[in-house]
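Right, one structure below, let's go through it.
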Amino acid sequence: MSRHVAIVTDSTAYLPQRTMERHGITAVPLTVVLGDQALEEGTEISARSLALALQKRRPVTTSRPSPEVFATTYRELAEAGATAIVSLHLSSEFSGTYDAAVLAAREAPVPVRVVDTGMVAMALGFCALAAAQTTQAGGSVDEAVAAAEKRAASTSAYFYVDTLDYLRRGGRIGAAQALLGSALAVKPLLELDGGRIELLEKVRTASKAIARLEELVVERAGGSEVDIAVHHLAAPDRASALADRLRDRVPCMAELHVSEVGAVIGAHTGPGLLGAVVSPR
(Lines give C-alpha, C1' and ligand atoms only; values in the text may rest on other atoms or scores of the structure.)
Protein backbone atom coordinates (compact mmCIF):
# COMPACT_ATOMS: atom_id res chain seq x y z
CA MET A 1 0.00 0.00 0.00
CA SER A 2 1.35 3.44 -0.89
CA ARG A 3 2.07 5.81 1.94
CA HIS A 4 -0.68 8.37 2.50
CA VAL A 5 -0.24 11.26 4.96
CA ALA A 6 -3.58 12.81 5.95
CA ILE A 7 -3.89 16.45 7.00
CA VAL A 8 -6.21 17.50 9.83
CA THR A 9 -6.91 21.02 11.07
CA ASP A 10 -9.79 22.60 12.98
CA SER A 11 -12.77 24.75 12.08
CA THR A 12 -11.01 28.00 13.01
CA ALA A 13 -8.83 27.71 9.88
CA TYR A 14 -11.89 28.95 7.91
CA LEU A 15 -10.80 27.20 4.75
CA PRO A 16 -13.46 27.07 2.02
CA GLN A 17 -15.08 23.65 1.81
CA ARG A 18 -14.09 23.20 -1.83
CA THR A 19 -10.46 23.97 -0.94
CA MET A 20 -10.45 21.35 1.80
CA GLU A 21 -11.97 18.79 -0.55
CA ARG A 22 -9.45 19.55 -3.30
CA HIS A 23 -6.50 19.16 -0.95
CA GLY A 24 -7.89 16.36 1.22
CA ILE A 25 -7.96 18.39 4.46
CA THR A 26 -10.22 17.37 7.35
CA ALA A 27 -11.42 20.04 9.81
CA VAL A 28 -12.50 19.11 13.34
CA PRO A 29 -15.15 21.54 14.63
CA LEU A 30 -14.88 23.61 17.78
CA THR A 31 -18.04 24.31 19.76
CA VAL A 32 -19.90 27.54 20.47
CA VAL A 33 -22.05 27.61 23.59
CA LEU A 34 -24.98 29.98 23.11
CA GLY A 35 -27.02 30.17 26.28
CA ASP A 36 -27.59 26.52 27.13
CA GLN A 37 -27.00 25.25 23.58
CA ALA A 38 -23.70 23.68 22.47
CA LEU A 39 -23.39 24.12 18.69
CA GLU A 40 -20.70 22.94 16.28
CA GLU A 41 -18.97 25.72 14.41
CA GLY A 42 -19.59 25.64 10.69
CA THR A 43 -22.55 23.28 10.73
CA GLU A 44 -24.86 24.20 13.60
CA ILE A 45 -24.25 27.94 14.04
CA SER A 46 -23.50 30.56 11.41
CA ALA A 47 -21.43 33.71 11.78
CA ARG A 48 -24.58 35.75 11.19
CA SER A 49 -26.46 34.03 14.03
CA LEU A 50 -23.47 34.56 16.28
CA ALA A 51 -23.25 38.26 15.41
CA LEU A 52 -26.94 38.74 16.19
CA ALA A 53 -26.54 36.98 19.53
CA LEU A 54 -23.58 39.20 20.45
CA GLN A 55 -25.46 42.34 19.44
CA LYS A 56 -28.28 41.26 21.75
CA ARG A 57 -25.67 40.65 24.48
CA ARG A 58 -26.60 36.99 24.85
CA PRO A 59 -23.96 34.95 26.73
CA VAL A 60 -21.59 33.24 24.31
CA THR A 61 -18.62 31.02 25.14
CA THR A 62 -16.50 28.59 23.14
CA SER A 63 -15.20 25.09 23.77
CA ARG A 64 -12.51 22.86 22.31
CA PRO A 65 -13.32 19.56 20.59
CA SER A 66 -13.11 16.61 22.96
CA PRO A 67 -10.24 14.11 22.66
CA GLU A 68 -12.90 11.57 21.65
CA VAL A 69 -13.85 13.66 18.61
CA PHE A 70 -10.21 13.74 17.52
CA ALA A 71 -9.84 10.01 18.20
CA THR A 72 -12.81 9.28 15.95
CA THR A 73 -11.38 11.50 13.19
CA TYR A 74 -7.97 9.84 13.36
CA ARG A 75 -9.49 6.36 13.35
CA GLU A 76 -11.70 7.13 10.34
CA LEU A 77 -8.75 8.52 8.38
CA ALA A 78 -6.70 5.42 9.18
CA GLU A 79 -9.57 3.19 8.05
CA ALA A 80 -9.72 5.21 4.82
CA GLY A 81 -6.07 4.43 4.11
CA ALA A 82 -3.98 7.04 5.93
CA THR A 83 -0.71 5.61 7.18
CA ALA A 84 0.19 8.78 9.10
CA ILE A 85 -1.54 12.04 10.09
CA VAL A 86 -0.38 15.64 10.55
CA SER A 87 -2.80 17.53 12.80
CA LEU A 88 -2.40 21.33 12.69
CA HIS A 89 -4.28 23.57 15.09
CA LEU A 90 -4.91 27.08 16.32
CA SER A 91 -2.66 28.63 18.93
CA SER A 92 -2.75 26.88 22.29
CA GLU A 93 -2.88 30.38 23.81
CA PHE A 94 -6.47 30.64 22.52
CA SER A 95 -7.83 27.15 23.04
CA GLY A 96 -7.25 23.68 24.46
CA THR A 97 -7.75 22.20 20.98
CA TYR A 98 -4.06 21.33 20.63
CA ASP A 99 -4.06 19.54 24.01
CA ALA A 100 -7.15 17.52 23.05
CA ALA A 101 -5.48 16.47 19.80
CA VAL A 102 -2.33 15.41 21.65
CA LEU A 103 -4.34 13.21 24.00
CA ALA A 104 -6.13 11.53 21.10
CA ALA A 105 -2.92 11.07 19.12
CA ARG A 106 -1.49 8.81 21.83
CA GLU A 107 -4.13 6.16 21.13
CA ALA A 108 -4.44 6.61 17.37
CA PRO A 109 -4.00 3.51 15.16
CA VAL A 110 -1.41 5.33 12.98
CA PRO A 111 1.33 7.86 13.90
CA VAL A 112 -0.05 11.38 14.43
CA ARG A 113 2.08 14.54 14.60
CA VAL A 114 0.18 17.32 16.37
CA VAL A 115 1.39 20.88 15.72
CA ASP A 116 0.56 24.06 17.61
CA THR A 117 0.89 26.52 14.73
CA GLY A 118 0.48 29.60 16.92
CA MET A 119 -1.92 30.80 14.22
CA VAL A 120 -5.66 31.26 13.79
CA ALA A 121 -8.12 31.90 10.94
CA MET A 122 -6.52 31.79 7.47
CA ALA A 123 -3.10 32.19 9.08
CA LEU A 124 -3.79 28.62 10.21
CA GLY A 125 -5.49 27.79 6.93
CA PHE A 126 -2.39 28.68 4.91
CA CYS A 127 -0.31 26.38 7.15
CA ALA A 128 -2.72 23.50 6.52
CA LEU A 129 -2.62 24.18 2.78
CA ALA A 130 1.19 24.17 2.78
CA ALA A 131 1.23 20.80 4.55
CA ALA A 132 -1.43 19.33 2.25
CA GLN A 133 0.36 20.48 -0.90
CA THR A 134 3.55 18.88 0.41
CA THR A 135 1.91 15.51 1.03
CA GLN A 136 0.09 15.63 -2.31
CA ALA A 137 3.51 15.98 -3.93
CA GLY A 138 4.67 12.84 -2.12
CA GLY A 139 6.22 14.54 0.91
CA SER A 140 6.72 12.81 4.25
CA VAL A 141 5.30 13.70 7.65
CA ASP A 142 8.48 15.59 8.54
CA GLU A 143 8.35 17.51 5.28
CA ALA A 144 4.70 18.40 5.75
CA VAL A 145 5.32 19.64 9.30
CA ALA A 146 8.34 21.63 8.13
CA ALA A 147 6.27 23.25 5.36
CA ALA A 148 3.54 24.24 7.82
CA GLU A 149 6.01 25.60 10.36
CA LYS A 150 7.85 27.58 7.68
CA ARG A 151 4.57 29.09 6.54
CA ALA A 152 3.59 29.95 10.12
CA ALA A 153 6.93 31.64 10.78
CA SER A 154 6.52 33.95 7.78
CA THR A 155 2.81 34.71 8.11
CA SER A 156 1.47 37.93 9.65
CA ALA A 157 -2.07 38.64 10.80
CA TYR A 158 -3.53 42.04 11.66
CA PHE A 159 -6.94 42.85 13.11
CA TYR A 160 -9.15 45.87 13.57
CA VAL A 161 -11.99 45.59 16.09
CA ASP A 162 -14.66 48.12 16.92
CA THR A 163 -14.28 47.43 20.63
CA LEU A 164 -11.96 45.47 22.90
CA ASP A 165 -14.86 44.41 25.09
CA TYR A 166 -15.28 40.95 23.54
CA LEU A 167 -11.56 40.20 23.70
CA ARG A 168 -11.45 41.43 27.29
CA ARG A 169 -14.33 39.18 28.30
CA GLY A 170 -12.66 36.15 26.73
CA GLY A 171 -9.24 36.95 28.20
CA ARG A 172 -7.63 36.94 24.75
CA ILE A 173 -5.94 40.32 24.51
CA GLY A 174 -2.61 39.74 26.29
CA ALA A 175 -0.55 42.94 26.38
CA ALA A 176 -3.52 44.89 25.07
CA GLN A 177 -4.87 44.81 28.63
CA ALA A 178 -3.11 48.16 28.98
CA LEU A 179 -5.64 49.63 26.58
CA LEU A 180 -8.71 48.85 28.63
CA GLY A 181 -8.76 52.12 30.50
CA SER A 182 -9.00 54.06 27.27
CA ALA A 183 -10.73 51.50 25.06
CA LEU A 184 -13.65 53.77 24.26
CA ALA A 185 -11.37 56.60 23.12
CA VAL A 186 -9.35 54.68 20.53
CA LYS A 187 -9.72 52.20 17.73
CA PRO A 188 -7.11 49.49 18.32
CA LEU A 189 -5.10 47.64 15.71
CA LEU A 190 -4.01 44.22 16.91
CA GLU A 191 -1.60 41.61 15.60
CA LEU A 192 -0.97 37.93 16.12
CA ASP A 193 2.38 37.66 17.84
CA GLY A 194 3.80 34.59 19.56
CA GLY A 195 0.44 32.88 19.40
CA ARG A 196 -1.31 35.73 21.22
CA ILE A 197 -3.35 38.76 20.23
CA GLU A 198 -1.26 41.83 21.05
CA LEU A 199 -1.81 45.54 20.72
CA LEU A 200 0.00 46.92 17.68
CA GLU A 201 -1.18 50.52 17.44
CA LYS A 202 -3.87 52.86 18.76
CA VAL A 203 -5.70 54.93 16.16
CA ARG A 204 -8.29 57.62 16.80
CA THR A 205 -10.98 56.76 14.27
CA ALA A 206 -12.28 53.67 12.51
CA SER A 207 -11.49 55.04 9.05
CA LYS A 208 -7.90 55.81 10.02
CA ALA A 209 -7.50 52.39 11.64
CA ILE A 210 -8.72 50.60 8.50
CA ALA A 211 -6.45 52.74 6.31
CA ARG A 212 -3.53 51.83 8.56
CA LEU A 213 -4.48 48.16 8.39
CA GLU A 214 -4.27 48.38 4.61
CA GLU A 215 -0.84 50.02 4.79
CA LEU A 216 0.45 47.30 7.10
CA VAL A 217 -0.62 44.61 4.65
CA VAL A 218 0.99 46.39 1.69
CA GLU A 219 4.21 46.95 3.63
CA ARG A 220 4.33 43.34 4.79
CA ALA A 221 3.66 41.98 1.32
CA GLY A 222 6.55 43.92 -0.17
CA GLY A 223 7.55 42.59 -3.57
CA SER A 224 7.38 38.89 -2.77
CA GLU A 225 4.73 36.41 -3.90
CA VAL A 226 2.11 36.28 -1.16
CA ASP A 227 -1.29 34.85 -0.38
CA ILE A 228 -3.67 37.23 1.40
CA ALA A 229 -6.89 36.63 3.31
CA VAL A 230 -9.34 39.32 4.36
CA HIS A 231 -11.66 38.37 7.21
CA HIS A 232 -14.65 40.12 8.71
CA LEU A 233 -17.62 39.62 11.01
CA ALA A 234 -20.84 41.34 9.99
CA ALA A 235 -18.82 43.83 7.92
CA PRO A 236 -18.96 42.55 4.33
CA ASP A 237 -18.75 45.98 2.71
CA ARG A 238 -15.60 46.85 4.66
CA ALA A 239 -14.01 43.53 3.70
CA SER A 240 -14.93 43.82 0.03
CA ALA A 241 -13.61 47.36 -0.21
CA LEU A 242 -10.33 46.42 1.46
CA ALA A 243 -9.92 43.40 -0.82
CA ASP A 244 -10.48 45.57 -3.91
CA ARG A 245 -7.82 48.04 -2.79
CA LEU A 246 -5.35 45.27 -2.03
CA ARG A 247 -5.84 43.78 -5.50
CA ASP A 248 -4.66 47.10 -6.92
CA ARG A 249 -1.82 47.64 -4.47
CA VAL A 250 -0.22 44.19 -4.13
CA PRO A 251 0.90 43.20 -7.65
CA CYS A 252 2.65 40.01 -6.48
CA MET A 253 -0.44 38.61 -4.79
CA ALA A 254 -0.97 34.95 -5.76
CA GLU A 255 -4.32 34.26 -4.09
CA LEU A 256 -6.84 36.42 -2.27
CA HIS A 257 -9.43 34.91 0.05
CA VAL A 258 -12.30 36.99 1.42
CA SER A 259 -14.45 35.39 4.09
CA GLU A 260 -16.48 35.94 7.20
CA VAL A 261 -14.92 34.41 10.29
CA GLY A 262 -16.81 31.67 12.02
CA ALA A 263 -18.57 31.75 15.34
CA VAL A 264 -15.59 30.77 17.51
CA ILE A 265 -13.35 33.68 16.51
CA GLY A 266 -16.34 35.98 16.15
CA ALA A 267 -17.33 35.32 19.77
CA HIS A 268 -14.04 36.85 20.90
CA THR A 269 -13.83 39.78 18.48
CA GLY A 270 -17.41 40.91 18.06
CA PRO A 271 -19.21 42.36 15.03
CA GLY A 272 -17.23 44.86 12.98
CA LEU A 273 -14.03 42.81 12.93
CA LEU A 274 -11.82 43.40 9.91
CA GLY A 275 -8.69 41.29 9.62
CA ALA A 276 -5.97 40.63 7.08
CA VAL A 277 -3.52 37.74 6.84
CA VAL A 278 -0.34 38.03 4.74
CA SER A 279 1.40 34.75 3.98
CA PRO A 280 4.50 34.66 1.74
CA ARG A 281 4.85 31.51 -0.35
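The chains in the C-alpha coordinates are called A, B, ... from first to last as shown; in each chain the residues are counted from 1, and the ligands are counted from 1 in the order shown.
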Give me, as a tab-separated table, the closest atom pair and its distance (Å, one decimal) for every residue of range 106-153 of chain A within a cut-off of 12 Å of range 219-228 of chain A, counting only C-alpha atoms, rows sorted by chain and rising number.
residue	atom	partner	partner_atom	distance
A:Ala121	CA	A:Ile228	CA	11.8
A:Met122	CA	A:Ile228	CA	8.6
A:Ala123	CA	A:Ile228	CA	9.2
A:Gly125	CA	A:Asp227	CA	11.0
A:Phe126	CA	A:Asp227	CA	8.2
A:Cys127	CA	A:Asp227	CA	11.4
A:Leu129	CA	A:Asp227	CA	11.2
A:Ala130	CA	A:Asp227	CA	11.4
A:Arg151	CA	A:Asp227	CA	10.7
With N, CA and C atoms retained, could you export that selection as a short mmCIF file (atom, residue, chain, number, x, y, z; two decimals), in the first residue's frame?
data_model
loop_
_atom_site.label_atom_id
_atom_site.label_comp_id
_atom_site.auth_asym_id
_atom_site.auth_seq_id
_atom_site.Cartn_x
_atom_site.Cartn_y
_atom_site.Cartn_z
N ALA A 121 -7.46 31.47 12.17
CA ALA A 121 -8.12 31.90 10.94
C ALA A 121 -7.27 31.46 9.74
N MET A 122 -7.26 32.24 8.66
CA MET A 122 -6.52 31.79 7.47
C MET A 122 -5.01 31.78 7.69
N ALA A 123 -4.51 32.38 8.75
CA ALA A 123 -3.10 32.19 9.08
C ALA A 123 -2.85 30.72 9.39
N GLY A 125 -5.09 28.41 8.18
CA GLY A 125 -5.49 27.79 6.93
C GLY A 125 -4.34 27.67 5.94
N PHE A 126 -3.53 28.72 5.83
CA PHE A 126 -2.39 28.68 4.91
C PHE A 126 -1.37 27.63 5.35
N CYS A 127 -1.21 27.44 6.66
CA CYS A 127 -0.31 26.38 7.15
C CYS A 127 -0.83 25.00 6.75
N LEU A 129 -2.77 24.31 4.23
CA LEU A 129 -2.62 24.18 2.78
C LEU A 129 -1.18 23.82 2.41
N ALA A 130 -0.22 24.46 3.07
CA ALA A 130 1.19 24.17 2.78
C ALA A 130 1.50 22.71 3.08
N ARG A 151 5.64 28.16 6.91
CA ARG A 151 4.57 29.09 6.54
C ARG A 151 4.12 29.90 7.76
#
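Comparing the minimum interatomic distances between Pro29 in chain A and each of A:Ser63, A:Ser49, A:Gln17, A:Gln55, counting only C-alpha atoms, we find that A:Ser63 sits nearest.
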Separation of CA of Phe70 in chain A from CA of Glu40 in chain A, in Å and rounded to one decimal: 14.0 Å
Residue set, range 70-148 of chain A restricted to strand (DSSP E or B), as an NGL selection string: :A and (84-89 or 112-116)
Put those residues in a file: all heavy atoms, as a tab-separated table (two decimals), in the first residue's frame.
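Ended up saving to part07.tsv:
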chain	number	residue	atom	x	y	z
A	84	ALA	N	-0.31	7.82	8.13
A	84	ALA	CA	0.19	8.78	9.10
A	84	ALA	C	-0.68	10.03	8.99
A	84	ALA	O	-1.34	10.25	7.97
A	84	ALA	CB	1.66	9.12	8.86
A	85	ILE	N	-0.69	10.84	10.05
A	85	ILE	CA	-1.54	12.04	10.09
A	85	ILE	C	-0.73	13.22	10.63
A	85	ILE	O	0.02	13.07	11.60
A	85	ILE	CB	-2.78	11.80	10.98
A	85	ILE	CG1	-3.65	10.68	10.40
A	85	ILE	CG2	-3.59	13.09	11.13
A	85	ILE	CD1	-4.75	10.19	11.35
A	86	VAL	N	-0.90	14.38	10.01
A	86	VAL	CA	-0.38	15.64	10.55
A	86	VAL	C	-1.58	16.47	10.96
A	86	VAL	O	-2.46	16.75	10.14
A	86	VAL	CB	0.47	16.39	9.51
A	86	VAL	CG1	0.91	17.75	10.07
A	86	VAL	CG2	1.69	15.57	9.12
A	87	SER	N	-1.64	16.85	12.23
A	87	SER	CA	-2.80	17.53	12.80
A	87	SER	C	-2.37	18.93	13.24
A	87	SER	O	-1.62	19.09	14.20
A	87	SER	CB	-3.33	16.71	13.98
A	87	SER	OG	-4.66	17.01	14.29
A	88	LEU	N	-2.86	19.95	12.52
A	88	LEU	CA	-2.40	21.33	12.69
A	88	LEU	C	-3.51	22.19	13.28
A	88	LEU	O	-4.62	22.25	12.72
A	88	LEU	CB	-2.00	21.90	11.32
A	88	LEU	CG	-0.94	21.11	10.56
A	88	LEU	CD1	-1.13	21.27	9.06
A	88	LEU	CD2	0.45	21.57	10.97
A	89	HIS	N	-3.18	22.90	14.38
A	89	HIS	CA	-4.28	23.57	15.09
A	89	HIS	C	-3.95	25.00	15.52
A	89	HIS	O	-2.80	25.44	15.49
A	89	HIS	CB	-4.70	22.72	16.28
A	89	HIS	CG	-5.18	21.39	15.82
A	89	HIS	ND1	-6.35	21.23	15.12
A	89	HIS	CD2	-4.60	20.16	15.88
A	89	HIS	CE1	-6.48	19.96	14.78
A	89	HIS	NE2	-5.43	19.29	15.24
A	112	VAL	N	0.55	10.05	14.59
A	112	VAL	CA	-0.05	11.38	14.43
A	112	VAL	C	0.92	12.43	14.98
A	112	VAL	O	1.34	12.34	16.14
A	112	VAL	CB	-1.40	11.50	15.18
A	112	VAL	CG1	-1.99	12.90	14.98
A	112	VAL	CG2	-2.39	10.44	14.70
A	113	ARG	N	1.28	13.39	14.16
A	113	ARG	CA	2.08	14.54	14.60
A	113	ARG	C	1.15	15.71	14.81
A	113	ARG	O	0.49	16.18	13.87
A	113	ARG	CB	3.13	14.89	13.54
A	113	ARG	CG	4.30	13.92	13.48
A	113	ARG	CD	5.37	14.21	14.53
A	113	ARG	NE	6.01	15.48	14.29
A	113	ARG	CZ	7.00	15.69	13.43
A	113	ARG	NH1	7.45	14.67	12.69
A	113	ARG	NH2	7.55	16.86	13.29
A	114	VAL	N	1.06	16.20	16.04
A	114	VAL	CA	0.18	17.32	16.37
A	114	VAL	C	1.03	18.59	16.47
A	114	VAL	O	2.05	18.60	17.16
A	114	VAL	CB	-0.58	17.07	17.68
A	114	VAL	CG1	-1.56	18.22	17.95
A	114	VAL	CG2	-1.33	15.74	17.62
A	115	VAL	N	0.61	19.65	15.79
A	115	VAL	CA	1.39	20.88	15.72
A	115	VAL	C	0.57	22.05	16.22
A	115	VAL	O	-0.55	22.29	15.75
A	115	VAL	CB	1.85	21.15	14.26
A	115	VAL	CG1	2.67	22.44	14.19
A	115	VAL	CG2	2.65	19.98	13.72
A	116	ASP	N	1.12	22.77	17.19
A	116	ASP	CA	0.56	24.06	17.61
A	116	ASP	C	1.14	25.12	16.68
A	116	ASP	O	2.30	25.50	16.81
A	116	ASP	CB	0.95	24.34	19.07
A	116	ASP	CG	0.48	25.71	19.56
A	116	ASP	OD1	-0.16	26.46	18.79
A	116	ASP	OD2	0.77	26.04	20.73
Residue among A:Ala276, A:Val258, A:Val186, A:Ala47 lying closest to Asp237 in chain A, counting only C-alpha atoms: A:Val258
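Interatomic distance, CA of Ala101 in chain A to CA of Ala13 in chain A: 15.4 Å.
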